[in-house]
>>> print(open('run.cif').read())   # mmCIF, C-alpha atoms and all ligand atoms
data_query
loop_
_atom_site.label_atom_id
_atom_site.label_comp_id
_atom_site.auth_asym_id
_atom_site.auth_seq_id
_atom_site.Cartn_x
_atom_site.Cartn_y
_atom_site.Cartn_z
CA MET D 975 -35.17 -31.89 6.87
CA THR D 976 -32.74 -34.20 5.17
CA VAL D 977 -30.61 -33.42 2.17
CA ASP D 978 -29.47 -36.14 -0.14
CA TYR D 979 -26.06 -34.91 -1.23
CA SER D 980 -25.75 -37.63 -3.83
CA VAL D 981 -28.30 -35.85 -6.02
CA LEU D 982 -26.37 -32.55 -6.00
CA PRO D 983 -24.03 -31.79 -8.89
CA HIS D 984 -20.75 -33.57 -8.33
CA HIS D 985 -17.65 -32.03 -9.86
CA LYS D 986 -13.99 -31.80 -9.04
CA ILE D 987 -13.29 -28.26 -7.97
CA LEU D 988 -10.02 -26.77 -6.75
CA CYS D 989 -10.17 -23.64 -4.62
CA ILE D 990 -6.78 -21.97 -4.89
CA ASP D 991 -5.88 -19.25 -2.43
CA MET D 992 -2.58 -17.37 -2.53
CA LYS D 993 -1.03 -17.04 0.91
CA SER D 994 -0.76 -13.40 2.01
CA PHE D 995 -0.79 -12.51 -1.68
CA TYR D 996 0.27 -8.84 -1.60
CA ALA D 997 2.93 -9.49 1.04
CA SER D 998 4.22 -12.56 -0.81
CA CYS D 999 4.46 -10.70 -4.15
CA SER D 1000 6.30 -7.82 -2.50
CA ALA D 1001 8.62 -10.22 -0.70
CA VAL D 1002 9.59 -11.85 -4.00
CA MET D 1003 10.17 -8.39 -5.55
CA GLU D 1004 12.47 -7.57 -2.62
CA GLY D 1005 14.36 -10.84 -3.09
CA LEU D 1006 12.99 -12.29 0.16
CA ASP D 1007 11.43 -15.65 0.96
CA PRO D 1008 7.65 -15.01 1.39
CA LEU D 1009 7.33 -17.67 4.09
CA GLU D 1010 10.40 -16.68 6.09
CA CYS D 1011 10.57 -12.90 5.89
CA HIS D 1012 8.93 -10.35 8.18
CA LEU D 1013 7.26 -8.02 5.70
CA ALA D 1014 4.27 -5.70 5.90
CA VAL D 1015 2.65 -3.76 3.06
CA VAL D 1016 1.51 -0.37 4.37
CA GLY D 1017 -0.51 2.23 2.50
CA ASP D 1018 1.89 5.14 3.13
CA LYS D 1019 5.19 4.65 4.93
CA SER D 1020 5.38 8.33 5.90
CA ARG D 1021 2.22 8.17 8.04
CA GLN D 1022 2.32 6.41 11.41
CA GLY D 1023 -1.43 5.80 11.27
CA SER D 1024 -1.16 4.11 7.89
CA ILE D 1025 -3.02 0.82 7.59
CA VAL D 1026 -1.33 -2.51 7.06
CA LEU D 1027 -2.76 -3.89 3.81
CA ALA D 1028 -1.01 -7.25 4.08
CA ALA D 1029 1.47 -9.01 6.32
CA SER D 1030 3.67 -12.03 5.65
CA PRO D 1031 2.89 -15.22 7.62
CA ARG D 1032 5.95 -14.71 9.89
CA MET D 1033 4.93 -11.11 10.51
CA LYS D 1034 1.56 -12.36 11.74
CA LYS D 1035 3.03 -15.19 13.79
CA ASP D 1036 6.02 -13.45 15.38
CA PHE D 1037 4.69 -9.90 15.76
CA GLY D 1038 0.89 -10.25 15.65
CA ILE D 1039 0.66 -7.76 12.77
CA LYS D 1040 -2.09 -8.45 10.26
CA THR D 1041 -4.27 -6.77 7.64
CA GLY D 1042 -5.94 -3.79 9.32
CA SER D 1043 -3.20 -3.22 11.91
CA ARG D 1044 -1.75 0.31 12.06
CA MET D 1045 1.83 1.15 11.24
CA PHE D 1046 2.46 2.48 14.78
CA GLU D 1047 1.70 -1.02 16.12
CA ILE D 1048 4.67 -2.44 14.23
CA PRO D 1049 7.66 -2.81 16.54
CA ASN D 1050 11.00 -1.31 15.67
CA ASP D 1051 12.83 -4.48 14.75
CA PRO D 1052 15.66 -4.77 12.20
CA ARG D 1053 14.13 -7.97 10.80
CA ILE D 1054 11.02 -6.13 9.64
CA ARG D 1055 10.69 -4.79 6.10
CA LEU D 1056 7.97 -2.25 5.33
CA VAL D 1057 6.94 -1.65 1.74
CA GLU D 1058 4.25 0.30 -0.06
CA PRO D 1059 1.77 -1.54 -2.29
CA LYS D 1060 2.42 -2.19 -5.96
CA MET D 1061 -1.16 -2.77 -7.03
CA ALA D 1062 -0.48 -2.88 -10.76
CA THR D 1063 2.14 -5.57 -10.21
CA TYR D 1064 -0.15 -7.64 -7.97
CA VAL D 1065 -2.84 -7.56 -10.63
CA ARG D 1066 -0.34 -8.46 -13.35
CA ILE D 1067 0.93 -11.42 -11.32
CA SER D 1068 -2.66 -12.50 -10.68
CA THR D 1069 -3.25 -12.53 -14.45
CA GLU D 1070 -0.10 -14.63 -14.92
CA LEU D 1071 -1.38 -17.12 -12.34
CA THR D 1072 -4.65 -17.43 -14.26
CA ARG D 1073 -2.55 -18.20 -17.33
CA LEU D 1074 -0.87 -20.95 -15.33
CA PHE D 1075 -4.27 -22.54 -14.52
CA HIS D 1076 -5.07 -22.37 -18.22
CA ARG D 1077 -2.27 -24.90 -18.88
CA TYR D 1078 -4.44 -27.48 -17.15
CA VAL D 1079 -8.02 -26.44 -17.89
CA PRO D 1080 -9.90 -24.41 -20.51
CA LYS D 1081 -10.61 -20.75 -19.77
CA ASP D 1082 -14.30 -21.35 -19.05
CA ALA D 1083 -13.32 -23.74 -16.23
CA ILE D 1084 -11.54 -20.93 -14.37
CA HIS D 1085 -13.55 -18.72 -12.03
CA THR D 1086 -11.43 -15.85 -10.76
CA TYR D 1087 -13.06 -14.94 -7.48
CA SER D 1088 -10.63 -12.23 -6.38
CA VAL D 1089 -7.08 -11.11 -7.09
CA ASP D 1090 -5.74 -13.93 -4.91
CA GLU D 1091 -8.44 -16.60 -5.03
CA SER D 1092 -9.74 -18.76 -7.88
CA PHE D 1093 -11.91 -21.78 -8.37
CA ILE D 1094 -11.10 -24.16 -11.18
CA LYS D 1095 -13.19 -27.05 -12.42
CA ILE D 1096 -10.91 -29.91 -13.34
CA ASP D 1097 -13.53 -32.48 -14.41
CA GLY D 1098 -12.18 -32.63 -17.94
CA ALA D 1099 -8.50 -32.46 -16.99
CA THR D 1100 -8.10 -35.61 -14.92
CA SER D 1101 -7.76 -38.00 -17.86
CA LEU D 1102 -4.85 -35.94 -19.12
CA TRP D 1103 -3.08 -34.83 -15.92
CA GLY D 1104 -4.08 -37.25 -13.17
CA ASP D 1105 -6.46 -37.11 -10.24
CA ALA D 1106 -7.45 -33.98 -8.34
CA THR D 1107 -4.64 -34.22 -5.79
CA THR D 1108 -2.06 -34.70 -8.52
CA ILE D 1109 -3.31 -31.65 -10.43
CA ALA D 1110 -3.37 -29.58 -7.22
CA ARG D 1111 0.24 -30.57 -6.48
CA LYS D 1112 1.33 -29.75 -10.04
CA ILE D 1113 -0.23 -26.28 -9.82
CA LYS D 1114 1.32 -25.69 -6.40
CA ASP D 1115 4.74 -26.83 -7.67
CA ASP D 1116 4.48 -24.66 -10.81
CA MET D 1117 3.65 -21.62 -8.69
CA GLU D 1118 6.51 -22.19 -6.31
CA ARG D 1119 9.02 -22.91 -9.05
CA GLU D 1120 8.04 -20.14 -11.45
CA PHE D 1121 6.76 -17.41 -9.14
CA GLN D 1122 8.18 -18.38 -5.71
CA LEU D 1123 4.63 -17.80 -4.45
CA PRO D 1124 2.97 -20.06 -1.87
CA CYS D 1125 -0.66 -21.12 -2.15
CA ALA D 1126 -3.12 -23.40 -0.39
CA ILE D 1127 -5.54 -25.55 -2.34
CA GLY D 1128 -8.82 -27.07 -1.20
CA ILE D 1129 -10.50 -29.81 -3.21
CA GLY D 1130 -14.21 -30.57 -3.19
CA PRO D 1131 -17.23 -31.62 -5.28
CA ASN D 1132 -18.49 -28.02 -5.49
CA MET D 1133 -17.27 -24.47 -4.85
CA LEU D 1134 -18.61 -24.29 -1.31
CA LEU D 1135 -17.02 -27.51 -0.14
CA SER D 1136 -13.71 -26.81 -1.85
CA LYS D 1137 -13.62 -23.44 -0.08
CA LEU D 1138 -14.56 -25.00 3.28
CA CYS D 1139 -11.92 -27.65 2.82
CA LEU D 1140 -9.37 -24.93 2.12
CA ASP D 1141 -10.33 -22.87 5.14
CA LEU D 1142 -10.58 -25.81 7.52
CA GLU D 1143 -7.65 -27.91 6.47
CA ALA D 1144 -5.38 -26.74 3.70
CA LYS D 1145 -4.33 -23.45 5.28
CA LYS D 1146 -3.34 -25.19 8.51
CA LYS D 1147 -1.26 -27.79 6.79
CA GLY D 1148 0.09 -25.46 4.15
CA GLY D 1149 -0.74 -27.98 1.50
CA CYS D 1150 -3.59 -29.33 -0.53
CA ARG D 1151 -6.11 -31.80 0.67
CA VAL D 1152 -8.46 -34.17 -1.02
CA ASP D 1153 -11.99 -34.41 0.26
CA ILE D 1154 -14.17 -35.76 -2.50
MG MG D 1201 -5.09 -15.31 0.27
#
>>> encode(input="run.cif", output="C-alpha cells")
Amino acid sequence: MTVDYSVLPHHKILCIDMKSFYASCSAVMEGLDPLECHLAVVGDKSRQGSIVLAASPRMKKDFGIKTGSRMFEIPNDPRIRLVEPKMATYVRISTELTRLFHRYVPKDAIHTYSVDESFIKIDGATSLWGDATTIARKIKDDMEREFQLPCAIGIGPNMLLSKLCLDLEAKKKGGCRVDI
C-alpha cells in the first residue's frame, strides 16, 4: 500500500515538551539551575521506599535515577537535593506557560496534551512572527528568560510528526528542529 503524504492536511505544528518538568520547576523554586543541579522529586522524603516522581537531567545522567526509581536507590551524595512535589505550583506554572503560547497564537490553536506537553498550530502566526523555527526559538527564549525552564520543541506538518521529530531529534540536541 502506498500513502501519498501530499494529500494529507499540511500545517505547521510545534510540539513543546518541558524537560523534566516537575524537577525543573522545583529546581527553580530552590534557586538551582534545572540543567546543572542534581535534584529528585520524591513522594515522601520520610519513606525509603518512596517513588521518584521526577529527576533532573544531571540526576539521570550522573546517578541513573529516573522517574519510578525508589528513594533507597539514591546514593548519599552531598550534591543531591531531594524535594517533595508541589503539584499546585506545577499546575500553576503550566497554566502560565499556556499563557505564553497565547502571545503567539490564538487560544484555539493551543492543544494542552499534558501538564508538560503542548501542541500549538502556528499556521496563522508566521506572517506576524516569522517562520516555524523562528517562532520555536522565540518561545524557547521566552521560557528560559522568564521562567528559567528548559524545553525541547519538535516541528512538523501534523501532531504525530512534530512529536516524532521531538522524540527523535530535539531532545538529543536540546534544541528545536525544523522538519517540514
Ligand atoms: Mg517532559
>>> closest_residue(input="run.cif", among="D:Ser1101, D:Thr1072, D:Thr1086, D:Ser994", to="Lys1040 of chain D", atoms="only C-alpha atoms")
D:Ser994
>>> residues_near_point(input="run.cif", point="(-3.1, 6.0, 13.8)", cutoff="12 Å", atoms="only C-alpha atoms", output="ChimeraX atom specification")
/D:1018,1020-1026,1042-1048
>>> residues_around(input="run.cif", residues="Tyr1064 of chain D", least_positions_apart="2", cutoff="12 Å", atoms="all atoms listed in the file", output="PyMOL selection string")
chain D and resi 992+994-1003+1059-1062+1066-1071+1088-1090+1123
>>> closest_residue(input="run.cif", among="D:Ala1083, D:Ile1127, D:Leu1135, D:Ile1113", to="ligand MG 1201 (chain D)", atoms="all atoms listed in the file")
D:Ile1127
>>> closest_residue(input="run.cif", among="D:Ile1096, D:Leu1009, D:Leu1142, D:Leu1074", to="Gln1122 of chain D", atoms="all atoms listed in the file")
D:Leu1009
>>> atom_distance(input="run.cif", atom1="atom CA of Lys986 of chain D", atom2="atom CA of Asn1132 of chain D")
6.9 Å
>>> atom_distance(input="run.cif", atom1="atom CA of Cys1011 of chain D", atom2="atom CA of Lys1114 of chain D")
20.0 Å
>>> atom_distance(input="run.cif", atom1="atom CA of Arg1111 of chain D", atom2="atom CA of Asp991 of chain D")
13.5 Å
>>> decode(input="run.cif", residues="segment 1076-1109 of chain D", atoms="C-alpha atoms", output="PDB file, in the first residue's frame")
ATOM      1  CA  HIS D1076      -1.115  32.626  23.669  1.00  0.00           C
ATOM      2  CA  ARG D1077       1.169  35.606  22.916  1.00  0.00           C
ATOM      3  CA  TYR D1078       1.897  33.973  19.580  1.00  0.00           C
ATOM      4  CA  VAL D1079      -1.280  32.087  18.664  1.00  0.00           C
ATOM      5  CA  PRO D1080      -4.998  32.244  19.485  1.00  0.00           C
ATOM      6  CA  LYS D1081      -6.313  30.019  22.272  1.00  0.00           C
ATOM      7  CA  ASP D1082      -7.969  27.565  19.880  1.00  0.00           C
ATOM      8  CA  ALA D1083      -4.560  26.877  18.286  1.00  0.00           C
ATOM      9  CA  ILE D1084      -3.207  25.549  21.602  1.00  0.00           C
ATOM     10  CA  HIS D1085      -3.738  21.896  22.464  1.00  0.00           C
ATOM     11  CA  THR D1086      -2.588  21.184  26.004  1.00  0.00           C
ATOM     12  CA  TYR D1087      -1.760  17.499  25.936  1.00  0.00           C
ATOM     13  CA  SER D1088      -0.474  17.151  29.490  1.00  0.00           C
ATOM     14  CA  VAL D1089       0.908  19.334  32.265  1.00  0.00           C
ATOM     15  CA  ASP D1090       4.283  19.468  30.492  1.00  0.00           C
ATOM     16  CA  GLU D1091       3.461  18.931  26.828  1.00  0.00           C
ATOM     17  CA  SER D1092       1.507  21.035  24.330  1.00  0.00           C
ATOM     18  CA  PHE D1093       0.906  21.190  20.623  1.00  0.00           C
ATOM     19  CA  ILE D1094       0.415  24.564  19.012  1.00  0.00           C
ATOM     20  CA  LYS D1095      -0.687  25.278  15.478  1.00  0.00           C
ATOM     21  CA  ILE D1096       1.217  28.263  14.169  1.00  0.00           C
ATOM     22  CA  ASP D1097      -0.233  28.430  10.632  1.00  0.00           C
ATOM     23  CA  GLY D1098      -1.686  31.874  11.220  1.00  0.00           C
ATOM     24  CA  ALA D1099       1.251  33.237  13.226  1.00  0.00           C
ATOM     25  CA  THR D1100       4.060  33.025  10.691  1.00  0.00           C
ATOM     26  CA  SER D1101       3.190  36.222   8.825  1.00  0.00           C
ATOM     27  CA  LEU D1102       3.446  38.119  12.095  1.00  0.00           C
ATOM     28  CA  TRP D1103       6.319  36.389  13.919  1.00  0.00           C
ATOM     29  CA  GLY D1104       8.423  34.620  11.301  1.00  0.00           C
ATOM     30  CA  ASP D1105       8.822  31.023  10.196  1.00  0.00           C
ATOM     31  CA  ALA D1106       8.301  27.961  12.376  1.00  0.00           C
ATOM     32  CA  THR D1107      11.907  27.777  13.574  1.00  0.00           C
ATOM     33  CA  THR D1108      11.906  31.460  14.486  1.00  0.00           C
ATOM     34  CA  ILE D1109       8.690  31.097  16.499  1.00  0.00           C
TER      35      ILE D1109
END
